[in-house]
Amino acid sequence: MPELFPVWLSLRVALLATLLTLAGGLPLAWLLARQRFPGRDLVEAAVVLPLVLPPTVLGYYLLLLIASQGPVGRALGALGVELAFTWRAAVLAACVGSVALLVKAAQAGFESVDARLEQAARTLGRSEWGIFWSITLPLAWRSVVAGTVLAFCRALGDFGITLMVAGNIPGLTQTLPLAIYDHVQSNRMAEANALALLAVAGVTALLMGLGRLARLRF
Amino acid sequence: MLSLAIRKALPGFSLDVAWEAHEKVVALFGPSGAGKTLTLQALAGLVRPDAGRIVVGGRVFFDGARGVNVRPQERHLGYVFQGYALFPHLSVEDNVGYGLRTLAQEARRRRVAEVMERLGLGGQARRHPRELSGGQQQRVALARALAGDPGLLLLDEPLSALDAPLRRQLREDLMQIVGEWGVPTVLVTHDLAEAFQLADRIVIYDQGRVVQAAPKSDLLSRPASEQVARLLGVRNILEGTVLKATPEIIQLRWRGHDLEAINSPARGWLPPPGTRVVFFIRPEYVRLIRKDRQAPDPTHYMNRMEGRVVAQVDQGTTWTLYFAVDGAAPHARESHDLEIEVPRLVHEMLEIGRDHRWAISMHRGSIHVLPQA
């Protein structure tokens, strides 16, 4: 029986990362879908970048930023928060790796909502905030849910970025993928098998749930 | 009550229009792509004009010079979109009540029920838009727009999504609803019959400009130009030369015949002899002279001409005759000079189907000489 700490850590990291990704990604997706602003193309490219760059490259730059001598690391250090090589860095890594999946899916969902519905809502006196929650999001929810699940799975499975910024400290920052890697390296195949099966089963169940959800109709 | 003067440049299109209306119902009429919907969107605040001024019921909605631009949320208008734009995920009652957020729940529920009852939507409260017929969807859109007691109702092609028979029925319903609610209305349509039936004033759009704005009674008898006459679907737009003009009449030379038309004293227009002018006569105003009856006196039939029917088309309740007048050189573009419309019964009684030679007459009051563009 393998040590289960990496499972709980991964779940906690992925859940937190998904919540953060939703909080930042949904407004960004809405902006990209509905607003024209200078630098929009740059933002759109930047969002997709984490999908196409090698994770180690991403992790490397991220580490430069949050290391105790990096600009972000120094600022956080002044506040007494340490980021690099903690479980929080794993959350950050999972966010960076998964945000593009959510943003692109949600953006496509928002774009598929007929803009005239929002205009109708405007003439009926509702605020932009109210319109988002009552019209745009409910009509795009399938895409948003799909993006969220994909982002969660990606966050759960991140290896490269996490390894670079959070390290592989057993009992502290060792997530499920890192633990599997460790087990294989140390030739503990039974443990590796158990964790890998757990991961496959969990993610499969999640995707099946998503498929059922997506068939729901109003 | 409503005055609007706006400019808006878009890629490949520019809108530059100004009109006013004091009537209850105004129709913006014109071909697709003339800028009618864009005007409606500017009225509602969904599109910001580059310059100009919009005043509705004494409230300044937009003033480019002073930087005033009231948000759509605060304009308090009812907008019925083309295709209705109903919220597909909300029930009928939630659609109707969508704009009533400021009301307490109980007051909102009562208002929604009242509006739905008045628009004949009783019993539909829990259904969703996709379960409704086109006519019911239109009513939900109207109910949603009217529920908040708007100061102005905007209707964008309200009937274009419907089949022809339903359309006629709903045109009457719509007229009744607009009349009953007494809300000032701006209607966008490319259907002339719709404009005439629903509106008191008609503003004619073409290619981003207003080509005429007039009470509807003036429009058919006094189009401002040949362009307007063509947009109104006027047939028999003809071209002649002035022989003589007085404040009362204009004598014209057309296709080898001398015609006399009434001049508009209000216009006070006296074109010099030799001027090329455009005039028209409506097909139903061309009279066929019956062969079996004598004219009471030689001057009874004005503008008398002879010729023959070169083609005819059955329109159901009427027949359209294509008529070539004698004594004229062959026409350059068409085989006929005039379109004449006769009721089916007349067509049968006079046996026009067999007998193609006729004399016609055009009352001088029916010949409308158009002002020069």
# chains A, B, ... in the order shown; residues from 1 in each chain; ligands from 1
>>> residues_around(residues="Glu157 (chain B)", least_positions_apart="4", cutoff="7 Å", atoms="only C-alpha atoms", output="MDAnalysis selection string")
chainID B and resid 82 188:189
>>> residues_around(residues="Gly151 (chain B)", least_positions_apart="3", cutoff="7 Å", atoms="only C-alpha atoms", output="PyMOL selection string")
chain B and resi 76-77+183
>>> residues_around(residues="Leu22 (chain A)", least_positions_apart="3", cutoff="12 Å", atoms="only C-alpha atoms", output="PyMOL selection string")
chain A and resi 14-19+25-30+95+98-103+105-106+144-145+147-152
>>> interface_residues(of="chain A", to="chain B", cutoff="9 Å", atoms="only C-alpha atoms", output="list in words")
Asp114, Arg116, Leu117, Gln119, Ala120, Ala121, Arg122, Thr123, Leu124, Gly125, Arg126, Ser127, Ile135, Pro138, Leu139 and Phe218 of chain A
>>> atom_distance(atom1="CA of Glu172 (chain B)", atom2="CA of Val203 (chain B)")
21.0 Å
>>> select_by_dssp(residues="region 216-361 of chain B", states="helix (DSSP H, G or I)", output="list in words")
Lys216, Ser217, Asp218, Leu219, Glu226, Gln227, Val228, Ala229, Arg230, Leu231, Pro283, Glu284, Tyr285, Arg344, Leu345, Val346, His347, Glu348 and Met349 of chain B
>>> residues_around(residues="Glu260 (chain B)", least_positions_apart="2", cutoff="12 Å", atoms="only C-alpha atoms", output="number ranges by chain")
B: 240-246, 248-254, 257-258, 262-263, 279, 301-304, 361-369
>>> closest_residue(among="B:Arg255, B:Arg139, B:Arg66, B:Arg357", to="Gly52 (chain B)", atoms="only C-alpha atoms")
B:Arg66
>>> atom_distance(atom1="CA of Ile66 (chain A)", atom2="CA of Leu4 (chain A)")
28.4 Å
>>> residues_around(residues="Val313 (chain B)", least_positions_apart="6", cutoff="12 Å", atoms="only C-alpha atoms", output="ChimeraX atom specification")
/B:319-323,339-342,344,347,352-353
>>> residues_around(residues="Gln212 (chain B)", least_positions_apart="5", cutoff="10 Å", atoms="only C-alpha atoms", output="number ranges by chain")
B: 19, 29, 202-206, 219, 223-225, 227-228
>>> write_last_selection(atoms="C-alpha atoms", output="PDB file, in the first residue's frame")
ATOM      1  CA  TRP B  19     -35.595  63.282 -38.919  1.00  0.00           C
ATOM      2  CA  PHE B  29     -38.925  52.118 -44.427  1.00  0.00           C
ATOM      3  CA  ILE B 202     -42.966  57.200 -42.801  1.00  0.00           C
ATOM      4  CA  VAL B 203     -39.271  57.940 -43.017  1.00  0.00           C
ATOM      5  CA  ILE B 204     -37.737  56.480 -46.153  1.00  0.00           C
ATOM      6  CA  TYR B 205     -34.148  55.274 -45.949  1.00  0.00           C
ATOM      7  CA  ASP B 206     -31.796  54.464 -48.771  1.00  0.00           C
ATOM      8  CA  LEU B 219     -46.184  59.833 -49.511  1.00  0.00           C
ATOM      9  CA  PRO B 223     -42.948  61.220 -53.504  1.00  0.00           C
ATOM     10  CA  ALA B 224     -40.114  63.689 -53.179  1.00  0.00           C
ATOM     11  CA  SER B 225     -38.102  62.224 -56.018  1.00  0.00           C
ATOM     12  CA  GLN B 227     -35.659  57.569 -56.138  1.00  0.00           C
ATOM     13  CA  VAL B 228     -38.428  57.657 -53.532  1.00  0.00           C
TER      14      VAL B 228
END
